[in-house]
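> My structure is in model_9.cif, and what it holds is mmCIF, C-alpha atoms and all ligand atoms:
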```
data_target
loop_
_atom_site.label_atom_id
_atom_site.label_comp_id
_atom_site.auth_asym_id
_atom_site.auth_seq_id
_atom_site.Cartn_x
_atom_site.Cartn_y
_atom_site.Cartn_z
CA MET A 1 86.58 104.59 49.32
CA LYS A 2 89.22 102.83 51.35
CA ILE A 3 92.16 102.38 48.99
CA ILE A 4 94.78 99.83 49.98
CA ILE A 5 97.87 99.31 47.85
CA VAL A 6 99.34 95.96 48.78
CA SER A 7 102.86 94.70 48.29
CA SER A 8 101.93 91.11 47.46
CA THR A 9 99.09 88.91 46.26
CA GLN A 10 99.34 87.18 49.61
CA GLN A 11 98.58 90.44 51.43
CA MET A 12 95.64 91.17 49.12
CA THR A 13 94.33 87.66 49.61
CA GLN A 14 94.50 87.86 53.40
CA LEU A 15 92.74 91.23 53.51
CA GLY A 16 89.98 90.07 51.15
CA ALA A 17 89.46 86.82 53.03
CA ASP A 18 89.47 88.69 56.37
CA MET A 19 86.48 90.73 55.20
CA PHE A 20 84.48 87.58 54.47
CA THR A 21 85.57 85.96 57.72
CA GLN A 22 84.57 89.03 59.69
CA VAL A 23 81.16 89.44 58.06
CA LEU A 24 80.35 85.74 58.53
CA GLY A 25 81.64 85.87 62.12
CA GLU A 26 79.23 88.70 62.89
CA LYS A 27 76.37 87.35 60.79
CA PRO A 28 76.58 83.63 59.99
CA ASN A 29 73.53 83.86 57.72
CA ALA A 30 75.00 86.72 55.69
CA VAL A 31 74.14 87.16 52.04
CA LEU A 32 77.33 87.21 49.97
CA GLY A 33 77.86 88.58 46.47
CA LEU A 34 80.33 86.53 44.45
CA ALA A 35 82.25 87.59 41.37
CA THR A 36 83.91 85.34 38.84
CA GLY A 37 87.04 86.12 36.78
CA SER A 38 90.61 85.52 37.87
CA SER A 39 90.92 88.36 40.39
CA PRO A 40 88.88 86.93 43.29
CA LEU A 41 90.25 83.39 42.92
CA PRO A 42 93.05 83.69 45.51
CA VAL A 43 90.51 85.00 48.04
CA TYR A 44 88.25 82.02 47.36
CA GLN A 45 91.20 79.64 47.74
CA GLU A 46 92.12 81.24 51.05
CA LEU A 47 88.51 80.95 52.26
CA ILE A 48 88.48 77.25 51.33
CA SER A 49 91.68 76.80 53.29
CA ARG A 50 90.30 78.69 56.31
CA HIS A 51 87.11 76.64 56.10
CA LYS A 52 89.13 73.39 56.17
CA LYS A 53 90.82 74.63 59.35
CA GLY A 54 87.42 75.38 60.89
CA ALA A 55 87.99 79.14 60.85
CA VAL A 56 84.97 80.05 58.73
CA SER A 57 81.67 78.43 57.82
CA PHE A 58 79.20 79.16 55.03
CA LYS A 59 76.55 76.69 56.19
CA ASP A 60 74.00 79.36 57.07
CA ALA A 61 75.09 81.83 54.39
CA ARG A 62 73.58 82.46 50.98
CA ALA A 63 75.25 83.85 47.90
CA PHE A 64 74.30 85.56 44.66
CA LEU A 65 76.57 85.59 41.64
CA LEU A 66 77.28 88.91 40.06
CA ASP A 67 76.60 87.86 36.50
CA GLU A 68 76.24 85.04 34.00
CA TYR A 69 76.71 84.70 30.27
CA ALA A 70 73.49 84.49 28.27
CA GLY A 71 73.02 81.55 25.96
CA LEU A 72 75.52 79.06 27.38
CA SER A 73 74.04 75.68 28.25
CA ALA A 74 73.58 75.05 31.98
CA ASP A 75 76.45 72.53 31.97
CA HIS A 76 78.96 74.69 30.04
CA PRO A 77 82.21 74.74 32.09
CA GLU A 78 82.64 78.49 31.56
CA GLY A 79 79.13 79.24 32.76
CA TYR A 80 79.64 81.26 35.92
CA ARG A 81 77.42 79.02 38.06
CA ASN A 82 79.71 76.12 37.15
CA PHE A 83 82.84 78.24 37.59
CA ILE A 84 81.89 79.29 41.11
CA LYS A 85 80.85 75.76 42.07
CA ARG A 86 84.16 74.36 40.82
CA GLU A 87 86.45 77.12 42.14
CA PHE A 88 84.78 77.95 45.44
CA ALA A 89 81.40 76.63 46.53
CA SER A 90 82.32 72.94 46.33
CA GLY A 91 85.28 73.59 48.66
CA VAL A 92 83.20 75.07 51.48
CA ASP A 93 79.96 74.15 53.25
CA PHE A 94 77.22 76.12 51.52
CA GLN A 95 73.94 74.23 51.70
CA GLU A 96 72.40 72.85 48.53
CA GLY A 97 70.74 75.69 46.60
CA ALA A 98 72.32 78.43 48.73
CA VAL A 99 74.34 79.83 45.82
CA GLN A 100 72.23 81.36 43.09
CA GLY A 101 73.13 82.86 39.76
CA PRO A 102 71.19 84.45 36.92
CA MET A 103 69.58 81.90 34.57
CA GLY A 104 71.58 82.75 31.47
CA ASP A 105 70.22 79.65 29.75
CA ALA A 106 66.57 80.71 30.17
CA ASP A 107 64.40 81.06 27.04
CA ASP A 108 63.54 84.59 28.13
CA VAL A 109 66.71 86.11 29.56
CA TYR A 110 65.00 89.48 30.09
CA GLN A 111 62.48 87.84 32.43
CA ALA A 112 65.30 85.87 34.06
CA ALA A 113 67.08 89.16 34.82
CA ARG A 114 63.94 90.61 36.42
CA ASP A 115 63.44 87.43 38.46
CA TYR A 116 67.06 87.58 39.60
CA GLU A 117 66.69 91.14 40.84
CA GLU A 118 63.60 90.11 42.79
CA SER A 119 65.43 87.21 44.42
CA ILE A 120 68.22 89.49 45.59
CA VAL A 121 65.76 92.00 47.02
CA ALA A 122 63.76 89.20 48.69
CA SER A 123 66.93 87.89 50.36
CA GLY A 124 67.21 91.14 52.29
CA GLY A 125 70.18 92.34 50.24
CA VAL A 126 73.85 91.53 49.91
CA ASP A 127 75.97 92.05 53.03
CA LEU A 128 79.37 91.74 51.34
CA GLN A 129 80.03 91.89 47.61
CA ILE A 130 83.40 91.02 46.10
CA LEU A 131 84.18 92.55 42.70
CA GLY A 132 86.84 92.48 40.03
CA ILE A 133 87.08 95.16 37.35
CA GLY A 134 87.24 94.82 33.58
CA THR A 135 89.92 96.60 31.56
CA ASP A 136 87.11 98.77 30.16
CA GLY A 137 86.00 99.68 33.68
CA HIS A 138 83.07 97.29 33.92
CA ILE A 139 81.94 95.73 37.17
CA GLY A 140 79.83 92.62 36.82
CA PHE A 141 79.05 92.94 33.14
CA ASN A 142 77.95 96.57 33.35
CA GLU A 143 79.63 97.89 30.24
CA PRO A 144 80.47 101.53 29.43
CA GLY A 145 77.48 103.63 28.45
CA GLY A 146 74.86 101.82 30.52
CA SER A 147 72.60 103.31 33.16
CA LEU A 148 74.29 104.19 36.43
CA SER A 149 71.11 103.16 38.25
CA SER A 150 70.34 99.88 36.51
CA PRO A 151 68.78 96.86 38.22
CA SER A 152 69.80 93.36 37.10
CA HIS A 153 69.47 93.31 33.34
CA VAL A 154 70.64 91.86 30.04
CA GLU A 155 73.79 93.54 28.75
CA TYR A 156 75.58 93.34 25.40
CA LEU A 157 79.30 92.75 25.90
CA THR A 158 81.85 95.10 24.37
CA GLU A 159 84.38 93.83 21.89
CA GLN A 160 87.11 94.51 24.49
CA THR A 161 85.38 92.33 27.09
CA ARG A 162 84.92 89.53 24.59
CA ILE A 163 88.60 89.79 23.60
CA ASP A 164 89.63 89.76 27.30
CA ASN A 165 87.46 86.72 28.02
CA ALA A 166 88.41 84.73 24.91
CA ARG A 167 91.14 83.12 27.03
CA PHE A 168 88.40 81.09 28.70
CA PHE A 169 86.98 79.98 25.33
CA ASP A 170 89.98 78.36 23.57
CA ASN A 171 91.23 81.89 22.73
CA ASP A 172 88.38 82.05 20.23
CA PHE A 173 86.63 85.44 20.33
CA ASN A 174 83.68 83.99 18.40
CA GLN A 175 82.91 81.47 21.13
CA VAL A 176 82.51 84.23 23.74
CA PRO A 177 78.80 84.98 24.22
CA THR A 178 77.61 88.38 23.04
CA ARG A 179 75.29 89.00 25.99
CA ALA A 180 75.12 88.41 29.72
CA ILE A 181 72.72 88.86 32.61
CA THR A 182 74.35 91.06 35.21
CA GLN A 183 73.45 92.60 38.51
CA GLY A 184 73.01 96.26 37.66
CA LEU A 185 74.95 99.18 39.07
CA ALA A 186 72.03 99.96 41.38
CA THR A 187 71.95 96.34 42.55
CA ILE A 188 75.69 96.32 43.26
CA SER A 189 75.49 99.72 44.95
CA ARG A 190 72.93 98.39 47.44
CA ALA A 191 75.43 95.88 48.86
CA LYS A 192 76.21 96.96 52.41
CA LYS A 193 79.94 96.37 52.02
CA ILE A 194 82.01 96.05 48.86
CA VAL A 195 85.56 94.83 48.27
CA LEU A 196 87.06 95.22 44.80
CA VAL A 197 90.31 93.50 43.90
CA ALA A 198 92.49 94.49 40.94
CA GLN A 199 95.90 93.30 39.89
CA GLY A 200 98.16 94.14 36.97
CA ALA A 201 98.98 97.09 34.73
CA GLN A 202 96.19 96.20 32.32
CA LYS A 203 93.73 97.34 35.01
CA SER A 204 95.53 100.58 35.86
CA GLN A 205 93.56 102.92 33.60
CA ALA A 206 90.21 101.54 34.73
CA VAL A 207 91.36 101.75 38.37
CA ALA A 208 92.47 105.38 37.99
CA GLN A 209 89.15 106.31 36.38
CA MET A 210 87.19 104.44 39.04
CA ILE A 211 88.91 106.22 41.93
CA GLU A 212 90.02 109.59 40.61
CA GLY A 213 87.98 110.18 37.46
CA GLY A 214 84.56 111.77 37.32
CA VAL A 215 81.60 109.50 37.97
CA SER A 216 80.65 108.51 34.47
CA ALA A 217 78.80 105.82 32.56
CA LEU A 218 81.95 105.58 30.45
CA TRP A 219 83.75 104.03 33.44
CA PRO A 220 81.00 102.10 35.22
CA ALA A 221 83.13 101.23 38.28
CA SER A 222 83.28 104.96 39.07
CA ILE A 223 79.78 104.51 40.57
CA LEU A 224 81.60 103.10 43.61
CA GLN A 225 82.61 106.67 44.50
CA PHE A 226 79.06 106.98 45.83
CA HIS A 227 79.35 103.90 48.05
CA ASN A 228 80.11 104.56 51.70
CA ASP A 229 81.76 101.22 52.49
CA ALA A 230 83.87 100.21 49.50
CA THR A 231 87.39 98.85 49.97
CA ILE A 232 89.65 98.77 46.93
CA LEU A 233 92.59 96.33 47.10
CA LEU A 234 95.25 97.06 44.47
CA ASP A 235 98.68 95.80 43.65
CA GLU A 236 101.38 98.29 42.66
CA ALA A 237 100.79 97.77 38.93
CA ALA A 238 97.04 98.27 39.13
CA ALA A 239 97.64 101.43 41.21
CA SER A 240 100.28 102.79 38.83
CA GLN A 241 98.11 105.43 37.10
CA LEU A 242 96.67 106.88 40.32
CA GLN A 243 97.78 110.40 41.22
CA ASN A 244 97.24 110.42 44.97
CA THR A 245 99.00 107.24 45.99
CA ALA A 246 101.12 108.94 48.67
CA PHE A 247 97.94 110.09 50.40
CA TYR A 248 96.30 106.64 50.16
CA ARG A 249 99.42 105.01 51.57
CA ALA A 250 99.55 107.54 54.43
CA ILE A 251 95.94 106.79 55.37
CA ALA A 252 96.52 103.03 55.18
CA GLU A 253 99.49 103.46 57.49
CA ALA A 254 97.69 105.75 59.94
CA GLU A 255 94.77 103.32 60.09
CA ALA A 256 97.11 100.31 60.27
CA LEU A 257 95.17 98.76 57.39
CA LEU A 258 98.09 96.63 56.28
CA ASN A 259 99.03 95.26 59.69
C1 LIG B 301 84.65 89.45 33.73
C2 LIG B 301 83.53 89.45 34.80
C3 LIG B 301 83.76 90.49 35.84
C4 LIG B 301 85.22 90.48 36.20
C5 LIG B 301 86.03 90.99 35.06
C6 LIG B 301 87.53 90.92 35.29
O1 LIG B 301 84.20 89.69 32.45
N1 LIG B 301 82.20 89.58 34.30
O2 LIG B 301 82.93 90.26 36.95
O3 LIG B 301 85.44 91.31 37.29
O4 LIG B 301 85.66 90.41 33.85
O5 LIG B 301 88.02 89.63 35.20
P1 LIG B 301 89.45 89.20 35.72
O6 LIG B 301 89.38 89.24 37.19
O7 LIG B 301 89.61 87.79 35.20
O8 LIG B 301 90.42 90.13 35.15
#
```
Represent the structure of the file as C-alpha cells.

Amino acid sequence: MKIIIVSSTQQMTQLGADMFTQVLGEKPNAVLGLATGSSPLPVYQELISRHKKGAVSFKDARAFLLDEYAGLSADHPEGYRNFIKREFASGVDFQEGAVQGPMGDADDVYQAARDYEESIVASGGVDLQILGIGTDGHIGFNEPGGSLSSPSHVEYLTEQTRIDNARFFDNDFNQVPTRAITQGLATISRAKKIVLVAQGAQKSQAVAQMIEGGVSALWPASILQFHNDATILLDEAAASQLQNTAFYRAIAEAEALLN
C-alpha cells in the first residue's frame, strides 16, 4: 500500500485526479471503477474542471459503479446511477451507455448481481478503481463478516451503514434500503490500480484496521493489504489512529509523492 497523508483536501483532490488523468492519458479507453458517497466528490469535481479545460477526456472510456441500493426505483435521486450521473458523468464526455451500474431495481437482484459481475469481466477488467471507506470498514457495500473472495453480490446493510447513510434520505433511517448490489471484494481486488480516499476522524478506526490490522472479514477494507497497487489518500484526522505515520510520511517524502 502507498499511504499518503495529505495536509489539505485540495492536495488529496489533485493526487486523486492525477491518477485518473494519468491512466486515461496512457489508455484513453480505460475501464474506470466509480464509487459514490461524499469522499470521491472533490476528485470528480476536479476531473470535470480538467475536462472543461481540455486536460482529460472520457469519450473512449467506460465505467462501472461500485454498488447500488436494491429496491430503489430507477429514477430515485439517491440511486447511485443517478448520483453519479448528476455529480460526475454529466459534467464530462462519457458516451451514452458508457457508465454502467448494478440494476438494483431488477425483479431478481441476485441475477442482476451475477449479470453485473459478467459485464465487468467481459469489459476486460477495471484499470483504475476509486474507493471510499465506510465507518464500519466496508468498501463498496461489502459489510463486515462477508466473504473476502466474493464476486458481485447482494448484501444486507448493517445498521451502522444505514445510520450513516440516513443523511441522504431525509435523516430517516427507515427510508434507507436494507440491501444493495455491490461489487465483491474479489471484484474490487481485480482492479489493476486502486485509490482509496478517506477524510475525517470518523473514518480513523476503519483506516487503522485497513492498513495496520490483520486481514479480516470484520474489516473488509483490510483485503487491500493484498493488492499490489493500492494508494490510500488520508487527511490528518483519518490517519490519526495509525501507528506508523512517521514511516509513511518518510516514504512519501523520499518518493516525492506530495510534490
Ligand atoms: C457508502 C458507499 C461506499 C462509500 C461509503 C463511505 O455507503 N456504499 O462506497 O465509500 O459509504 O461514504 P462517504 O464517502 O460518504 O463517507
> Could you list, as a list in words, all residues that come within 6 Å of ligand LIG 301 (chain B)? Count only C-alpha atoms and all ligand atoms.
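Sorted by chain and then by number, the residues are Ala35, Thr36, Gly37, Ser38, Ser39, Leu131, Gly132, Ile133, Gly134, Ile139, Gly140 and Phe141 of chain A.
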> Quick one: distance from CA of Lys192 in chain A to CA of Leu47 in chain A in Å, one decimal?
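If I compute the distance from CA of Lys192 in chain A to CA of Leu47 in chain A, I get 20.2 Å.
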> Mind checking which residues fall within 8 Å of Phe20 in chain A, counting only C-alpha atoms, ignoring those fewer than 4 positions away in the same chain, and posting them as a list of chain:residue names?
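The contact residues come out as A:Gly16, A:Leu24, A:Leu128.
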> Export C-alpha atoms of the chosen residues as a CSV table (one decimal), in the frame of the given file?

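The resulting file, selection.csv, is shown below:
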```csv
chain,number,residue,atom,x,y,z
A,16,GLY,CA,90.0,90.1,51.2
A,24,LEU,CA,80.4,85.7,58.5
A,128,LEU,CA,79.4,91.7,51.3
```
> Write out as a list in words the residues lying within 7 Å of range 163-168 of chain A, counting all atoms listed in the file and excluding same-chain residues fewer than 5 positions away.
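My reading of the contact set: Glu78, Phe173 and Val176 of chain A.
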> Go through A:Phe94, A:Tyr44, A:Trp219, A:Phe88 and flag the residue nearest Asp136 in chain A, using only C-alpha atoms for the distances.
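Once distances to Asp136 in chain A are computed over only C-alpha atoms, the minimum belongs to A:Trp219.
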> Give the answer as one residue: which of A:Ala106, A:Ser73, A:Pro40, A:Thr178 has the shortest atom-to-atom distance to Glu159 in chain A, using only C-alpha atoms?
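Using only C-alpha atoms, Glu159 in chain A sits closest to A:Thr178.
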> Measuring atom to atom with all atoms listed in the file, identify which of A:Asn29, A:Ser189, A:Asn228, A:Thr135 is nearest to Lys203 in chain A.
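Result for the nearest residue to Lys203 in chain A: A:Thr135.
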> When you look at Tyr156 in chain A with a cut-off of 9 Å (counting only C-alpha atoms), what residues show up, excluding the ones that are within fewer than 3 positions of it in the same chain? I need them as a short mmCIF file (atom, residue, chain, number, x, y, z; two decimals) with C-alpha atoms, in the coordinates of the input.

```cif
data_model
loop_
_atom_site.label_atom_id
_atom_site.label_comp_id
_atom_site.auth_asym_id
_atom_site.auth_seq_id
_atom_site.Cartn_x
_atom_site.Cartn_y
_atom_site.Cartn_z
CA PHE A 141 79.05 92.94 33.14
CA ASN A 142 77.95 96.57 33.35
CA GLU A 143 79.63 97.89 30.24
CA THR A 178 77.61 88.38 23.04
CA ARG A 179 75.29 89.00 25.99
CA ALA A 180 75.12 88.41 29.72
CA ILE A 181 72.72 88.86 32.61
#
```
> Using Å and a single decimal, report how far CA of Ala237 in chain A sits from CA of Val195 in chain A.
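It comes out at 18.1 Å.
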> Write out as a PyMOL selection string the residues lying within 12 Å of Gln111 in chain A, counting all atoms listed in the file and excluding same-chain residues fewer than 4 positions away.
chain A and resi 102-107+115-118+152-154+181
> In Å to one decimal, how far is CA of Ser57 in chain A from CA of Gln10 in chain A?
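Here the two named atoms are 21.4 Å from each other.
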> I'd like to know which of A:Ala122, A:Leu34, A:Met1, A:Val43 is closest to Asp18 in chain A, using all atoms listed in the file.
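Among the listed residues, the smallest separation from Asp18 in chain A belongs to A:Val43.
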> Put the listed atoms of range 203-209 of chain A in a box along x, y and z with 5 Å added on every side and give me the centre and edge lengths in Å to one decimal, as AutoDock Vina command-line options.

```
--center_x 92.3 --center_y 101.8 --center_z 36.0 --size_x 16.4 --size_y 19.0 --size_z 14.8
```
> Taking 5 positions as the minimum chain separation for residues in the same chain, which residues sit within 6 Å of Gly137 in chain A when counting only C-alpha atoms? Answer as a PyMOL selection string.
chain A and resi 206+219-221
> Choose the residue, out of A:Thr245, A:Ser90, A:Thr231, A:Gln100, that has the smallest atom-to-atom separation from His51 in chain A; count only C-alpha atoms.
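Checking each of A:Thr245, A:Ser90, A:Thr231, A:Gln100 against His51 in chain A, counting only C-alpha atoms, the winner is A:Ser90.
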> Distance cut-off 8 Å, centre (79.0, 104.2, 29.6) in file coordinates, counting only C-alpha atoms: which residues qualify? Return them as a list in words.
Glu143, Pro144, Gly145, Gly146, Ser147, Ser216, Ala217, Leu218, Trp219 and Pro220 of chain A
> A:Asn82, A:Ser204, A:Gln225, A:Gln129: which is nearest Ile188 in chain A, counting only C-alpha atoms?
A:Gln129
> Please, can range 201-231 of chain A be completed to N, CA and C atoms and returned as a CSV table (one decimal), keeping the file's coordinate frame?

```csv
chain,number,residue,atom,x,y,z
A,201,ALA,N,99.0,95.8,35.4
A,201,ALA,CA,99.0,97.1,34.7
A,201,ALA,C,97.8,97.2,33.8
A,202,GLN,N,97.3,96.1,33.3
A,202,GLN,CA,96.2,96.2,32.3
A,202,GLN,C,94.9,96.8,33.0
A,203,LYS,N,94.9,96.8,34.3
A,203,LYS,CA,93.7,97.3,35.0
A,203,LYS,C,94.0,98.8,35.4
A,204,SER,N,95.2,99.3,35.2
A,204,SER,CA,95.5,100.6,35.9
A,204,SER,C,94.7,101.8,35.4
A,205,GLN,N,94.4,101.8,34.1
A,205,GLN,CA,93.6,102.9,33.6
A,205,GLN,C,92.1,102.9,34.2
A,206,ALA,N,91.6,101.7,34.2
A,206,ALA,CA,90.2,101.5,34.7
A,206,ALA,C,90.2,101.9,36.2
A,207,VAL,N,91.3,101.5,36.9
A,207,VAL,CA,91.4,101.8,38.4
A,207,VAL,C,91.5,103.3,38.6
A,208,ALA,N,92.3,103.9,37.8
A,208,ALA,CA,92.5,105.4,38.0
A,208,ALA,C,91.2,106.1,37.7
A,209,GLN,N,90.4,105.7,36.7
A,209,GLN,CA,89.2,106.3,36.4
A,209,GLN,C,88.1,106.0,37.5
A,210,MET,N,88.1,104.8,38.0
A,210,MET,CA,87.2,104.4,39.0
A,210,MET,C,87.4,105.3,40.3
A,211,ILE,N,88.6,105.6,40.6
A,211,ILE,CA,88.9,106.2,41.9
A,211,ILE,C,89.0,107.7,41.8
A,212,GLU,N,89.7,108.2,40.7
A,212,GLU,CA,90.0,109.6,40.6
A,212,GLU,C,89.4,110.3,39.4
A,213,GLY,N,88.7,109.5,38.6
A,213,GLY,CA,88.0,110.2,37.5
A,213,GLY,C,86.6,110.7,37.9
A,214,GLY,N,85.9,111.4,37.0
A,214,GLY,CA,84.6,111.8,37.3
A,214,GLY,C,83.7,110.5,37.3
A,215,VAL,N,82.6,110.6,38.0
A,215,VAL,CA,81.6,109.5,38.0
A,215,VAL,C,80.9,109.6,36.6
A,216,SER,N,81.1,108.5,35.9
A,216,SER,CA,80.6,108.5,34.5
A,216,SER,C,80.3,107.1,34.0
A,217,ALA,N,79.2,107.1,33.2
A,217,ALA,CA,78.8,105.8,32.6
A,217,ALA,C,79.9,105.2,31.7
A,218,LEU,N,80.8,106.1,31.3
A,218,LEU,CA,82.0,105.6,30.4
A,218,LEU,C,82.9,104.7,31.2
A,219,TRP,N,82.9,104.9,32.5
A,219,TRP,CA,83.8,104.0,33.4
A,219,TRP,C,82.8,103.6,34.6
A,220,PRO,N,82.1,102.5,34.3
A,220,PRO,CA,81.0,102.1,35.2
A,220,PRO,C,81.4,101.9,36.7
A,221,ALA,N,82.7,101.4,36.9
A,221,ALA,CA,83.1,101.2,38.3
A,221,ALA,C,83.2,102.5,39.1
A,222,SER,N,83.2,103.7,38.4
A,222,SER,CA,83.3,105.0,39.1
A,222,SER,C,82.1,105.2,39.9
A,223,ILE,N,81.0,104.4,39.7
A,223,ILE,CA,79.8,104.5,40.6
A,223,ILE,C,80.1,104.2,42.0
A,224,LEU,N,81.2,103.5,42.2
A,224,LEU,CA,81.6,103.1,43.6
A,224,LEU,C,82.0,104.3,44.4
A,225,GLN,N,82.3,105.4,43.8
A,225,GLN,CA,82.6,106.7,44.5
A,225,GLN,C,81.4,107.1,45.4
A,226,PHE,N,80.2,106.6,45.0
A,226,PHE,CA,79.1,107.0,45.8
A,226,PHE,C,78.9,106.0,47.0
A,227,HIS,N,79.6,104.9,47.0
A,227,HIS,CA,79.4,103.9,48.0
A,227,HIS,C,80.1,104.3,49.3
A,228,ASN,N,79.4,104.1,50.5
A,228,ASN,CA,80.1,104.6,51.7
A,228,ASN,C,80.9,103.5,52.4
A,229,ASP,N,80.9,102.3,51.9
A,229,ASP,CA,81.8,101.2,52.5
A,229,ASP,C,82.4,100.3,51.4
A,230,ALA,N,83.2,101.0,50.6
A,230,ALA,CA,83.9,100.2,49.5
A,230,ALA,C,85.4,100.2,49.8
A,231,THR,N,85.9,99.0,49.8
A,231,THR,CA,87.4,98.8,50.0
A,231,THR,C,88.0,98.4,48.6
```
